[in-house]
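Source file: model-v5.txt; contents: compact mmCIF, C-alpha atoms.
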# COMPACT_ATOMS: atom_id res chain seq x y z
CA MET R 1 -8.25 -1.69 -6.61
CA ALA R 2 -7.74 1.78 -5.21
CA GLY R 3 -7.00 0.76 -1.66
CA PHE R 4 -3.55 -0.49 -0.76
CA SER R 5 -1.20 0.37 2.00
CA ARG R 6 2.54 0.37 1.78
CA VAL R 7 4.71 0.11 4.90
CA ILE R 8 7.64 2.23 3.77
CA LEU R 9 10.86 2.61 5.67
CA PHE R 10 13.42 2.96 2.91
CA GLY R 11 12.83 3.81 -0.74
CA ASN R 12 14.74 2.15 -3.54
CA ASN R 13 15.83 3.40 -6.92
CA GLN R 14 18.34 0.76 -8.05
CA LYS R 15 19.68 -2.25 -6.24
CA PHE R 16 23.16 -1.80 -4.71
CA LYS R 17 23.79 1.46 -6.61
CA TRP R 18 23.94 5.08 -5.59
CA CYS R 19 20.81 6.75 -6.87
CA GLU R 20 20.84 9.14 -9.79
CA LYS R 21 17.18 10.04 -9.43
CA ILE R 22 15.16 11.66 -6.68
CA MET R 23 14.44 9.02 -4.08
CA ALA R 24 10.95 7.58 -3.88
CA VAL R 25 10.66 7.90 -0.11
CA SER R 26 11.89 11.13 1.41
CA LEU R 27 14.79 11.03 3.85
CA LYS R 28 12.50 12.79 6.32
CA GLN R 29 9.94 10.00 6.19
CA ALA R 30 12.61 7.31 6.47
CA LEU R 31 14.13 8.95 9.53
CA VAL R 32 10.75 9.45 11.22
CA VAL R 33 9.69 5.85 10.65
CA GLY R 34 13.08 4.47 11.64
CA SER R 35 13.11 6.54 14.83
CA TYR R 36 9.58 5.40 15.60
CA ILE R 37 10.56 1.72 15.31
CA VAL R 38 13.60 2.22 17.56
CA GLY R 39 11.47 4.10 20.08
CA GLN R 40 8.86 1.36 20.20
CA ARG R 41 11.52 -1.27 20.74
CA LEU R 42 13.19 0.76 23.51
CA GLN R 43 9.81 0.85 25.26
CA GLY R 44 9.79 -2.94 25.13
CA LYS R 45 6.81 -3.16 22.79
CA LYS R 46 6.62 -6.44 20.91
CA ARG R 47 3.75 -5.43 18.62
CA PHE R 48 3.19 -1.98 17.19
CA PRO R 49 1.72 -0.63 13.92
CA LEU R 50 3.70 1.02 11.15
CA VAL R 51 0.88 1.96 8.77
CA LEU R 52 -2.75 2.63 9.59
CA MET R 53 -5.08 1.65 6.78
CA LEU R 54 -7.78 4.27 7.26
CA GLU R 55 -10.86 3.49 5.18
CA PRO R 56 -13.25 6.46 5.45
CA LEU R 57 -15.79 4.77 3.14
CA PHE R 58 -16.24 1.61 1.09
CA ARG R 59 -18.17 2.90 -1.92
CA CYS R 60 -16.43 3.45 -5.22
CA ASN R 61 -17.05 4.77 -8.73
CA LEU R 62 -15.54 1.60 -10.24
CA ALA R 63 -16.27 -2.12 -9.88
CA CYS R 64 -12.87 -3.80 -10.27
CA GLN R 65 -12.96 -7.58 -10.53
CA GLY R 66 -10.19 -8.10 -7.99
CA CYS R 67 -11.73 -5.93 -5.26
CA GLY R 68 -14.22 -6.97 -2.60
CA LYS R 69 -14.85 -3.65 -0.86
CA ILE R 70 -17.94 -2.68 -2.82
CA GLN R 71 -19.57 -6.03 -2.02
CA HIS R 72 -20.70 -4.65 1.33
CA PRO R 73 -24.47 -4.12 1.79
CA THR R 74 -25.92 -0.83 0.55
CA GLU R 75 -26.50 0.53 4.05
CA ILE R 76 -22.77 0.17 4.78
CA LEU R 77 -21.72 1.61 1.42
CA LYS R 78 -23.68 4.77 2.28
CA GLN R 79 -21.69 5.37 5.47
CA ASN R 80 -18.67 7.66 5.93
CA LEU R 81 -16.21 8.09 8.77
CA SER R 82 -16.32 11.66 10.06
CA PRO R 83 -13.07 13.65 10.25
CA GLU R 84 -13.26 13.31 14.03
CA ASP R 85 -13.58 9.51 13.69
CA CYS R 86 -10.47 9.51 11.51
CA PHE R 87 -8.41 11.69 13.84
CA ARG R 88 -9.40 9.60 16.85
CA ALA R 89 -8.35 6.38 15.11
CA VAL R 90 -5.03 7.89 14.00
CA GLU R 91 -4.23 9.07 17.52
CA GLU R 92 -5.36 5.79 19.09
CA CYS R 93 -3.17 3.78 16.72
CA GLY R 94 -0.12 6.05 16.67
CA ALA R 95 1.37 4.77 13.39
CA PRO R 96 3.58 7.31 11.57
CA VAL R 97 2.15 6.46 8.13
CA VAL R 98 -1.53 6.57 7.16
CA SER R 99 -2.81 4.96 3.98
CA ILE R 100 -6.28 6.16 2.94
CA PRO R 101 -7.82 3.51 0.70
CA GLY R 102 -11.47 2.75 0.09
CA GLY R 103 -13.61 2.51 -1.90
CA GLU R 104 -12.61 5.73 -3.56
CA PRO R 105 -11.55 8.31 -0.92
CA LEU R 106 -12.19 11.27 -3.22
CA LEU R 107 -15.92 10.46 -3.02
CA HIS R 108 -15.84 11.40 0.67
CA PRO R 109 -17.39 14.89 1.05
CA GLN R 110 -14.86 15.86 3.76
CA ILE R 111 -11.73 14.18 2.43
CA ASP R 112 -9.92 17.54 2.22
CA GLU R 113 -10.64 18.20 5.90
CA ILE R 114 -9.41 14.71 6.81
CA VAL R 115 -6.16 15.20 4.89
CA ARG R 116 -5.55 18.66 6.38
CA GLY R 117 -6.02 17.26 9.87
CA LEU R 118 -3.57 14.43 9.25
CA VAL R 119 -0.98 16.75 7.73
CA ALA R 120 -1.32 18.97 10.81
CA ARG R 121 -0.57 15.86 12.89
CA ARG R 122 2.55 15.25 10.76
CA LYS R 123 1.45 11.87 9.49
CA PHE R 124 2.79 10.66 6.15
CA ILE R 125 -0.35 10.17 4.07
CA TYR R 126 -0.84 7.99 0.99
CA LEU R 127 -4.23 8.83 -0.49
CA CYS R 128 -5.07 5.86 -2.74
CA THR R 129 -7.21 6.76 -5.73
CA ASN R 130 -8.29 5.48 -9.14
CA ALA R 131 -7.78 9.14 -10.21
CA ILE R 132 -11.14 9.55 -11.95
CA LEU R 133 -11.87 12.51 -9.65
CA LEU R 134 -8.30 13.53 -8.92
CA GLU R 135 -7.68 16.29 -11.45
CA LYS R 136 -10.83 18.23 -10.56
CA SER R 137 -10.16 17.67 -6.84
CA LEU R 138 -6.60 19.02 -6.74
CA ASP R 139 -7.69 22.50 -5.62
CA LYS R 140 -8.99 20.95 -2.39
CA PHE R 141 -5.45 20.06 -1.32
CA GLN R 142 -2.11 21.73 -0.76
CA PRO R 143 1.20 20.14 -1.80
CA SER R 144 3.03 18.84 1.25
CA PRO R 145 5.91 16.47 1.98
CA TYR R 146 3.37 14.63 4.15
CA LEU R 147 0.89 14.00 1.31
CA THR R 148 1.25 11.58 -1.60
CA PHE R 149 -1.43 10.63 -4.11
CA SER R 150 -1.13 6.90 -4.84
CA VAL R 151 -2.74 6.31 -8.23
CA HIS R 152 -3.99 2.85 -9.12
CA LEU R 153 -2.68 1.69 -12.51
CA ASP R 154 -2.56 -2.06 -13.13
CA GLY R 155 -0.76 -1.95 -16.47
CA PRO R 156 -0.87 -0.32 -19.91
CA ARG R 157 -4.04 1.23 -21.27
CA GLU R 158 -5.93 -1.80 -22.58
CA HIS R 159 -4.97 -4.03 -19.66
CA HIS R 160 -5.82 -1.45 -16.99
CA ASP R 161 -9.17 -0.51 -18.50
CA LYS R 162 -10.05 -4.20 -18.65
CA CYS R 163 -9.09 -4.66 -14.97
CA VAL R 164 -11.33 -1.78 -13.87
CA ASP R 165 -14.05 -2.73 -16.36
CA ARG R 166 -14.30 0.74 -17.90
CA GLN R 167 -12.71 2.28 -20.98
CA GLY R 168 -10.89 5.58 -20.72
CA VAL R 169 -9.84 5.27 -17.07
CA PHE R 170 -6.14 4.81 -17.90
CA ASP R 171 -6.00 8.03 -19.94
CA LYS R 172 -7.88 9.93 -17.24
CA ALA R 173 -5.48 8.68 -14.58
CA VAL R 174 -2.41 9.65 -16.61
CA ALA R 175 -3.85 13.14 -17.22
CA ALA R 176 -4.49 13.48 -13.48
CA ILE R 177 -0.94 12.39 -12.63
CA LYS R 178 0.49 15.02 -14.97
CA ALA R 179 -1.82 17.71 -13.53
CA ALA R 180 -0.92 16.79 -9.94
CA LYS R 181 2.81 16.84 -10.68
CA ALA R 182 2.45 20.21 -12.42
CA LYS R 183 0.94 21.60 -9.21
CA GLY R 184 3.78 20.27 -7.08
CA PHE R 185 2.16 17.21 -5.50
CA ARG R 186 3.95 13.96 -4.71
CA VAL R 187 2.48 11.13 -6.82
CA THR R 188 3.20 7.42 -6.79
CA THR R 189 1.55 4.62 -8.75
CA ASN R 190 0.13 1.40 -7.36
CA THR R 191 0.10 -1.75 -9.51
CA THR R 192 -1.34 -5.17 -8.67
CA VAL R 193 0.21 -8.03 -10.63
CA PHE R 194 -2.12 -10.96 -11.24
CA GLU R 195 -1.58 -14.52 -12.47
CA GLY R 196 -0.99 -14.61 -16.22
CA ALA R 197 0.60 -11.16 -16.40
CA ASN R 198 2.58 -10.49 -19.59
CA VAL R 199 6.07 -9.83 -18.24
CA ALA R 200 7.42 -7.94 -21.26
CA GLU R 201 4.29 -5.80 -21.36
CA MET R 202 4.57 -4.97 -17.66
CA GLN R 203 8.25 -4.11 -17.97
CA ALA R 204 7.45 -1.71 -20.81
CA PHE R 205 4.71 -0.27 -18.60
CA PHE R 206 7.26 0.41 -15.83
CA ASP R 207 9.43 2.19 -18.41
CA TYR R 208 6.45 4.32 -19.40
CA LEU R 209 5.63 5.26 -15.81
CA GLN R 210 9.15 6.63 -15.39
CA THR R 211 8.46 9.14 -18.18
CA LEU R 212 5.61 10.67 -16.15
CA GLY R 213 7.93 12.06 -13.50
CA ILE R 214 6.24 10.16 -10.69
CA ASP R 215 7.81 9.90 -7.23
CA GLY R 216 7.88 6.11 -7.21
CA MET R 217 6.08 2.93 -8.24
CA MET R 218 4.48 0.41 -5.90
CA ILE R 219 3.76 -3.19 -6.87
CA SER R 220 2.01 -6.08 -5.17
CA PRO R 221 0.96 -9.61 -6.09
CA GLY R 222 -2.76 -10.18 -6.54
CA TYR R 223 -3.85 -11.66 -3.24
CA SER R 224 -6.76 -13.94 -2.43
CA TYR R 225 -9.66 -11.75 -1.29
CA GLU R 226 -12.70 -13.92 -0.70
CA TRP R 227 -15.21 -11.18 -1.55
CA ALA R 228 -13.64 -10.35 -4.91
CA PRO R 229 -15.79 -11.29 -7.93
CA ASP R 230 -12.78 -12.68 -9.86
CA GLN R 231 -11.26 -15.60 -7.93
CA ASP R 232 -9.39 -17.12 -10.89
CA HIS R 233 -6.33 -14.88 -11.18
CA PHE R 234 -4.88 -14.65 -7.67
CA LEU R 235 -1.30 -15.84 -7.30
CA LYS R 236 0.01 -18.76 -5.25
CA ARG R 237 3.30 -18.36 -3.35
CA ASP R 238 5.52 -20.25 -5.80
CA GLN R 239 3.86 -18.46 -8.72
CA THR R 240 4.51 -15.10 -7.06
CA LYS R 241 8.22 -15.77 -6.60
CA ALA R 242 8.69 -17.03 -10.15
CA LEU R 243 6.72 -14.17 -11.69
CA PHE R 244 8.45 -11.42 -9.71
CA ARG R 245 11.91 -12.92 -10.35
CA GLU R 246 11.23 -12.63 -14.07
CA LEU R 247 9.43 -9.29 -13.85
CA LEU R 248 12.11 -7.59 -11.75
CA ALA R 249 15.13 -9.24 -13.39
CA PRO R 250 16.24 -6.07 -15.28
CA TRP R 251 16.07 -4.04 -12.05
CA ASN R 252 17.69 -6.79 -10.01
CA LYS R 253 20.64 -6.96 -12.43
CA GLY R 254 21.05 -3.17 -12.49
CA LYS R 255 19.87 -2.84 -16.10
CA LYS R 256 16.80 -0.76 -15.19
CA ALA R 257 16.65 2.10 -12.69
CA TRP R 258 12.95 1.70 -11.98
CA ASN R 259 12.04 3.98 -9.11
CA PHE R 260 10.22 1.74 -6.61
CA ASN R 261 8.55 3.20 -3.55
CA HIS R 262 9.48 0.10 -1.55
CA ASN R 263 12.01 -1.15 0.90
CA PRO R 264 14.30 -3.26 -1.36
CA LEU R 265 14.09 -6.12 1.14
CA PHE R 266 10.37 -6.46 0.38
CA LEU R 267 11.15 -6.81 -3.32
CA ASP R 268 13.73 -9.45 -2.42
CA PHE R 269 10.96 -11.26 -0.55
CA LEU R 270 8.67 -11.17 -3.59
CA MET R 271 11.46 -12.67 -5.70
CA GLY R 272 12.04 -15.44 -3.17
CA GLU R 273 15.42 -14.13 -2.03
CA LYS R 274 14.13 -13.49 1.51
CA ASP R 275 12.01 -15.79 3.66
CA TYR R 276 9.80 -13.68 5.92
CA ASP R 277 6.94 -14.47 8.23
CA CYS R 278 3.89 -12.19 8.35
CA THR R 279 3.70 -9.22 10.73
CA PRO R 280 -0.12 -9.11 10.94
CA TRP R 281 -0.25 -6.21 13.42
CA GLY R 282 1.93 -3.97 11.22
CA SER R 283 -0.92 -2.53 9.11
CA PRO R 284 -4.16 -2.41 11.11
CA SER R 285 -7.32 -1.39 9.29
CA TYR R 286 -9.99 1.00 10.62
CA SER R 287 -13.29 1.67 8.81
CA VAL R 288 -16.95 2.48 9.40
CA LEU R 289 -17.22 -1.02 10.89
CA GLY R 290 -14.43 -0.54 13.44
CA TRP R 291 -10.97 -2.12 13.82
CA GLN R 292 -10.84 -5.11 11.52
CA LYS R 293 -9.61 -8.42 12.88
CA PRO R 294 -6.54 -9.58 10.99
CA CYS R 295 -6.05 -10.23 8.29
CA TYR R 296 -8.42 -7.83 6.49
CA LEU R 297 -8.53 -10.29 3.60
CA LEU R 298 -10.24 -12.89 5.79
CA ASN R 299 -13.28 -10.87 6.97
CA GLU R 300 -13.28 -12.34 10.48
CA GLY R 301 -15.02 -9.43 12.19
CA TYR R 302 -14.19 -6.24 14.06
CA TYR R 303 -13.09 -4.83 17.42
CA GLN R 304 -14.26 -1.54 18.85
CA SER R 305 -10.83 -0.29 19.94
CA PHE R 306 -7.25 -0.63 18.79
CA GLN R 307 -6.18 -1.81 22.23
CA GLU R 308 -8.77 -4.57 22.07
CA LEU R 309 -7.36 -5.58 18.68
CA LEU R 310 -3.84 -5.83 20.13
CA GLU R 311 -4.83 -7.65 23.31
CA GLU R 312 -7.61 -9.98 22.13
CA THR R 313 -6.19 -11.23 18.83
CA ALA R 314 -4.57 -14.68 18.77
CA TRP R 315 -1.64 -13.46 16.67
CA GLU R 316 -0.07 -16.90 16.57
CA ASN R 317 -2.88 -17.98 14.22
CA TYR R 318 -1.66 -15.79 11.35
CA GLY R 319 1.15 -16.14 8.85
CA PRO R 320 2.58 -19.18 7.04
CA LYS R 321 4.38 -20.47 10.15
CA SER R 322 1.02 -20.69 11.95
CA ASN R 323 -0.12 -23.51 9.64
CA ASN R 324 -3.30 -21.53 9.02
CA PRO R 325 -4.29 -22.86 5.55
CA GLN R 326 -5.57 -19.43 4.53
CA CYS R 327 -2.11 -17.93 5.07
CA GLN R 328 0.05 -20.43 3.21
CA ASP R 329 0.04 -18.76 -0.23
CA CYS R 330 -0.25 -15.16 0.91
CA MET R 331 2.54 -12.65 0.29
CA VAL R 332 0.38 -9.55 0.62
CA HIS R 333 2.16 -6.25 1.25
CA CYS R 334 0.25 -5.32 4.42
CA GLY R 335 1.63 -8.37 6.22
CA TYR R 336 5.15 -8.53 4.82
CA GLU R 337 6.27 -4.96 4.24
CA PRO R 338 6.22 -4.40 8.02
CA THR R 339 8.49 -7.43 8.36
CA ALA R 340 10.86 -6.01 5.74
CA ALA R 341 10.84 -2.60 7.46
CA LEU R 342 11.83 -4.18 10.77
CA ASP R 343 14.51 -6.26 9.04
CA ALA R 344 15.95 -3.10 7.46
CA LEU R 345 17.16 -2.03 10.90
CA HIS R 346 19.23 -5.18 11.32
CA PRO R 347 22.93 -4.20 11.11
CA ALA R 348 23.50 -6.56 8.17
CA ASN R 349 20.81 -4.78 6.12
CA MET R 350 21.21 -1.14 7.13
CA GLY R 351 23.91 -0.31 4.60
CA ARG R 352 21.86 -1.56 1.70
CA ALA R 353 18.67 0.12 2.89
CA MET R 354 20.34 3.47 3.65
CA GLY R 355 22.25 3.38 0.36
CA SER R 356 18.94 3.32 -1.47
CA LEU R 357 18.09 6.69 0.08
CA ILE R 358 21.06 8.57 -1.30
CA SER R 359 20.33 10.88 -4.22
CA ALA R 360 22.71 12.85 -6.36

Is it possible to give me this structure as structure tokens?
Amino acid sequence: MAGFSRVILFGNNQKFKWCEKIMAVSLKQALVVGSYIVGQRLQGKKRFPLVLMLEPLFRCNLACQGCGKIQHPTEILKQNLSPEDCFRAVEECGAPVVSIPGGEPLLHPQIDEIVRGLVARRKFIYLCTNAILLEKSLDKFQPSPYLTFSVHLDGPREHHDKCVDRQGVFDKAVAAIKAAKAKGFRVTTNTTVFEGANVAEMQAFFDYLQTLGIDGMMISPGYSYEWAPDQDHFLKRDQTKALFRELLAPWNKGKKAWNFNHNPLFLDFLMGEKDYDCTPWGSPSYSVLGWQKPCYLLNEGYYQSFQELLEETAWENYGPKSNNPQCQDCMVHCGYEPTAALDALHPANMGRAMGSLISA
């Protein structure tokens, strides 16, 4: 799946240690996002977005089994948001970080114009891509501290190509990552971990990613998306905690310096060391259909304005504490990384979170 957002306040290189590598999230981004959160709270705002999930189109050049985006009707798959639509949504929302998923954003004929406009607005952009078109598209973009290509890689070659149902995609993505880094772009990877994942294989995969010189790895449990063709490999909450405890054990014990592009508190949550409730307004989603009612996994409909989304949504009906049966097993990043980002500003957590930003 090419489209994921990551609410990122503080990067992490190695738990409780001073970093010896370049930090995944820039200090500039961390300070901007942290200042934004403080400013929103000083204004007395209870609900405010951290990341806008801006979906300029739904069509894709892959048909991944865990993705439901391309299940939309053909007439919707043909539609694109215009650059003006995108800029209006970004300004209406006000979030400091913009994730551009899809579909495959590089299929959009004006994606370069959209990115330039967002960079000019000083938004931190994560352009999520399967990287099939990335290498030949690099000349459309300029390296910027505000732009990161987030490349979808779900595991080593055979596993990833099986997930995306096409041979050769892994090698093409790796070649694109190397080309983008050679041109000076920021690049992160984005990995979804499904039920039945081979832990040793995935750990070796993380080791391999470090050799590519990427600017950070992002990971997420496979979440229950009702439109996805494959409904058999999504994780339940207890499964997620057990799997991520085992998967991240070398990092958690300081034996691996895997460079995660995450707030470490979110990784603690995945391992069951933190008990968070969902922050469903933290990552609103805007597409050709409008502002999606939360959560975007539930397909409950759309609002025409962001303000309507904030004011008309019954927020108490979302998250595990709501007793909504559809929320009980979910640990999806778009709901819980905002919670971790807010928790990072608690005095008891600030030392840990800020320590993860220090680089030699």

*asked:* When you count all atoms listed in the file, which of these residues is closest to R:Ala63: R:Asp165, R:Leu243, R:Asp85, R:Ile111?
replied: R:Asp165

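Minimum atom-to-atom distance to R:Pro156, evaluated using all atoms listed in the file, belongs to R:Leu209 out of R:Leu118, R:Leu138, R:Leu209, R:Leu247.
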
*Just the residues within 8 Å of R:Tyr303, please, counting only C-alpha atoms, with nothing from its chain fewer than 2 positions along; format it as a ChimeraX atom specification.*
/R:290-293,301,305-306,308-309

Those selected residues, please, written with C-alpha atoms and delivered as a CSV table (one decimal), keeping the file's coordinate frame.
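The result, stored in selection_18.csv:
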chain,number,residue,atom,x,y,z
R,290,GLY,CA,-14.4,-0.5,13.4
R,291,TRP,CA,-11.0,-2.1,13.8
R,292,GLN,CA,-10.8,-5.1,11.5
R,293,LYS,CA,-9.6,-8.4,12.9
R,301,GLY,CA,-15.0,-9.4,12.2
R,305,SER,CA,-10.8,-0.3,19.9
R,306,PHE,CA,-7.2,-0.6,18.8
R,308,GLU,CA,-8.8,-4.6,22.1
R,309,LEU,CA,-7.4,-5.6,18.7

Please tabulate, as a Markdown table, the residues of stretch 89-163 of chain R that come within 10 Å of stretch 31-42 of chain R, each with its closest pair of atoms and the distance in Å to one decimal, counting all atoms listed in the file and ordering rows by chain, then residue number upward.
| residue | atom | partner | partner_atom | distance |
| --- | --- | --- | --- | --- |
| R:Gly94 | CA | R:Tyr36 | CA | 9.8 |
| R:Ala95 | CA | R:Tyr36 | CA | 8.5 |
| R:Pro96 | CA | R:Val33 | CA | 6.3 |
| R:Val97 | CA | R:Val33 | CA | 8.0 |
| R:Lys123 | CA | R:Val32 | CA | 9.8 |
| R:Phe124 | CA | R:Val32 | CA | 9.5 |

Would you write out those residues with C-alpha atoms, as a PDB file, in the coordinates of the input?
ATOM      1  CA  GLY R  94      -0.120   6.050  16.670  1.00  0.00           C
ATOM      2  CA  ALA R  95       1.370   4.770  13.390  1.00  0.00           C
ATOM      3  CA  PRO R  96       3.580   7.310  11.570  1.00  0.00           C
ATOM      4  CA  VAL R  97       2.150   6.460   8.130  1.00  0.00           C
ATOM      5  CA  LYS R 123       1.450  11.870   9.490  1.00  0.00           C
ATOM      6  CA  PHE R 124       2.790  10.660   6.150  1.00  0.00           C
TER       7      PHE R 124
END

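Taking atom CA of R:Phe260 as the reference point, atom CA of R:His152 is found at 14.5 Å.
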
*asked:* Need the shell around R:Glu273: protein/DNA/RNA residues with any atom at most 10 Å away, counting all atoms listed in the file. Skip same-chain ones fewer than 6 positions apart. Format as a PyMOL selection string?
replied: chain R and resi 241+245+265-267

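Among the candidates R:Arg59, R:Lys78, R:Arg47, R:His262, the residue lying nearest to R:Thr189 is R:His262 (atoms considered: all atoms listed in the file).
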
_Just want the 10 Å neighbourhood of stretch 325-334 of chain R, counted on only C-alpha atoms, with same-chain residues fewer than 2 positions away dropped. Output as a PyMOL selection string._
chain R and resi 4-7+50-53+219-224+234-241+266+269-270+276-285+295-298+317-323+336-340

Keeping only C-alpha atoms, take the residues you just selected and write them out as a CSV table (one decimal), keeping the file's coordinate frame.
chain,number,residue,atom,x,y,z
R,4,PHE,CA,-3.6,-0.5,-0.8
R,5,SER,CA,-1.2,0.4,2.0
R,6,ARG,CA,2.5,0.4,1.8
R,7,VAL,CA,4.7,0.1,4.9
R,50,LEU,CA,3.7,1.0,11.2
R,51,VAL,CA,0.9,2.0,8.8
R,52,LEU,CA,-2.8,2.6,9.6
R,53,MET,CA,-5.1,1.6,6.8
R,219,ILE,CA,3.8,-3.2,-6.9
R,220,SER,CA,2.0,-6.1,-5.2
R,221,PRO,CA,1.0,-9.6,-6.1
R,222,GLY,CA,-2.8,-10.2,-6.5
R,223,TYR,CA,-3.8,-11.7,-3.2
R,224,SER,CA,-6.8,-13.9,-2.4
R,234,PHE,CA,-4.9,-14.6,-7.7
R,235,LEU,CA,-1.3,-15.8,-7.3
R,236,LYS,CA,0.0,-18.8,-5.2
R,237,ARG,CA,3.3,-18.4,-3.4
R,238,ASP,CA,5.5,-20.2,-5.8
R,239,GLN,CA,3.9,-18.5,-8.7
R,240,THR,CA,4.5,-15.1,-7.1
R,241,LYS,CA,8.2,-15.8,-6.6
R,266,PHE,CA,10.4,-6.5,0.4
R,269,PHE,CA,11.0,-11.3,-0.6
R,270,LEU,CA,8.7,-11.2,-3.6
R,276,TYR,CA,9.8,-13.7,5.9
R,277,ASP,CA,6.9,-14.5,8.2
R,278,CYS,CA,3.9,-12.2,8.4
R,279,THR,CA,3.7,-9.2,10.7
R,280,PRO,CA,-0.1,-9.1,10.9
R,281,TRP,CA,-0.2,-6.2,13.4
R,282,GLY,CA,1.9,-4.0,11.2
R,283,SER,CA,-0.9,-2.5,9.1
R,284,PRO,CA,-4.2,-2.4,11.1
R,285,SER,CA,-7.3,-1.4,9.3
R,295,CYS,CA,-6.0,-10.2,8.3
R,296,TYR,CA,-8.4,-7.8,6.5
R,297,LEU,CA,-8.5,-10.3,3.6
R,298,LEU,CA,-10.2,-12.9,5.8
R,317,ASN,CA,-2.9,-18.0,14.2
R,318,TYR,CA,-1.7,-15.8,11.4
R,319,GLY,CA,1.2,-16.1,8.8
R,320,PRO,CA,2.6,-19.2,7.0
R,321,LYS,CA,4.4,-20.5,10.2
R,322,SER,CA,1.0,-20.7,12.0
R,323,ASN,CA,-0.1,-23.5,9.6
R,336,TYR,CA,5.2,-8.5,4.8
R,337,GLU,CA,6.3,-5.0,4.2
R,338,PRO,CA,6.2,-4.4,8.0
R,339,THR,CA,8.5,-7.4,8.4
R,340,ALA,CA,10.9,-6.0,5.7

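Picture a line from atom CA of R:Asn259 to atom CA of R:Ala204; it runs 13.8 Å.
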
_Protein, DNA and RNA residues within 8 Å of (-12.8, 2.9, 0.2), only C-alpha atoms, as a PyMOL selection string_ = chain R and resi 2-3+55-60+69+100-105

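Atom to atom, atom CA of R:Cys93 and atom CA of R:Leu147 stand 18.9 Å apart.
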
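Here the question is which of R:Asp154, R:Glu92, R:Asp171, R:Asp215 gets nearest to R:Asn198 using all atoms listed in the file, and that residue is R:Asp154.
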
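Of the residues listed (R:Ile125, R:Ala242, R:Val115, R:Leu342), R:Leu342 shows the shortest atom-to-atom separation from R:Phe48; distances use only C-alpha atoms.
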
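Considering the residues R:Glu158, R:Asp207, R:Glu135, R:Glu300 and counting only C-alpha atoms, R:Lys183 has its shortest atom-to-atom contact with R:Glu135.
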
_What's around R:Ala182 at 12 Å? Count only C-alpha atoms, leave out sequence neighbours fewer than 6 positions away in its own chain, and write the answer as a PyMOL selection string._
chain R and resi 135+138+143+175-176+212-214

*Find the spatial neighbours of R:Met202, counting all atoms listed in the file, within a cut-off of 12 Å - ignore same-chain residues fewer than 3 positions away - and output them as a list in words.*
Leu153, Asp154, Gly155, Pro156, Arg157, His159, His160, Thr191, Thr192, Val193, Phe194, Gly196, Ala197, Asn198, Val199, Phe205, Phe206, Asp207, Tyr208, Leu209, Ile219, Leu243, Phe244, Glu246, Leu247, Leu248 and Pro250 of chain R

*Give as a ChimeraX atom specification the set of residues within 10 Å of the point (-9.4, 7.4, -16.3), where distances use the file's coordinates and only C-alpha atoms.*
/R:130-134,153,157,160-161,164,166-176
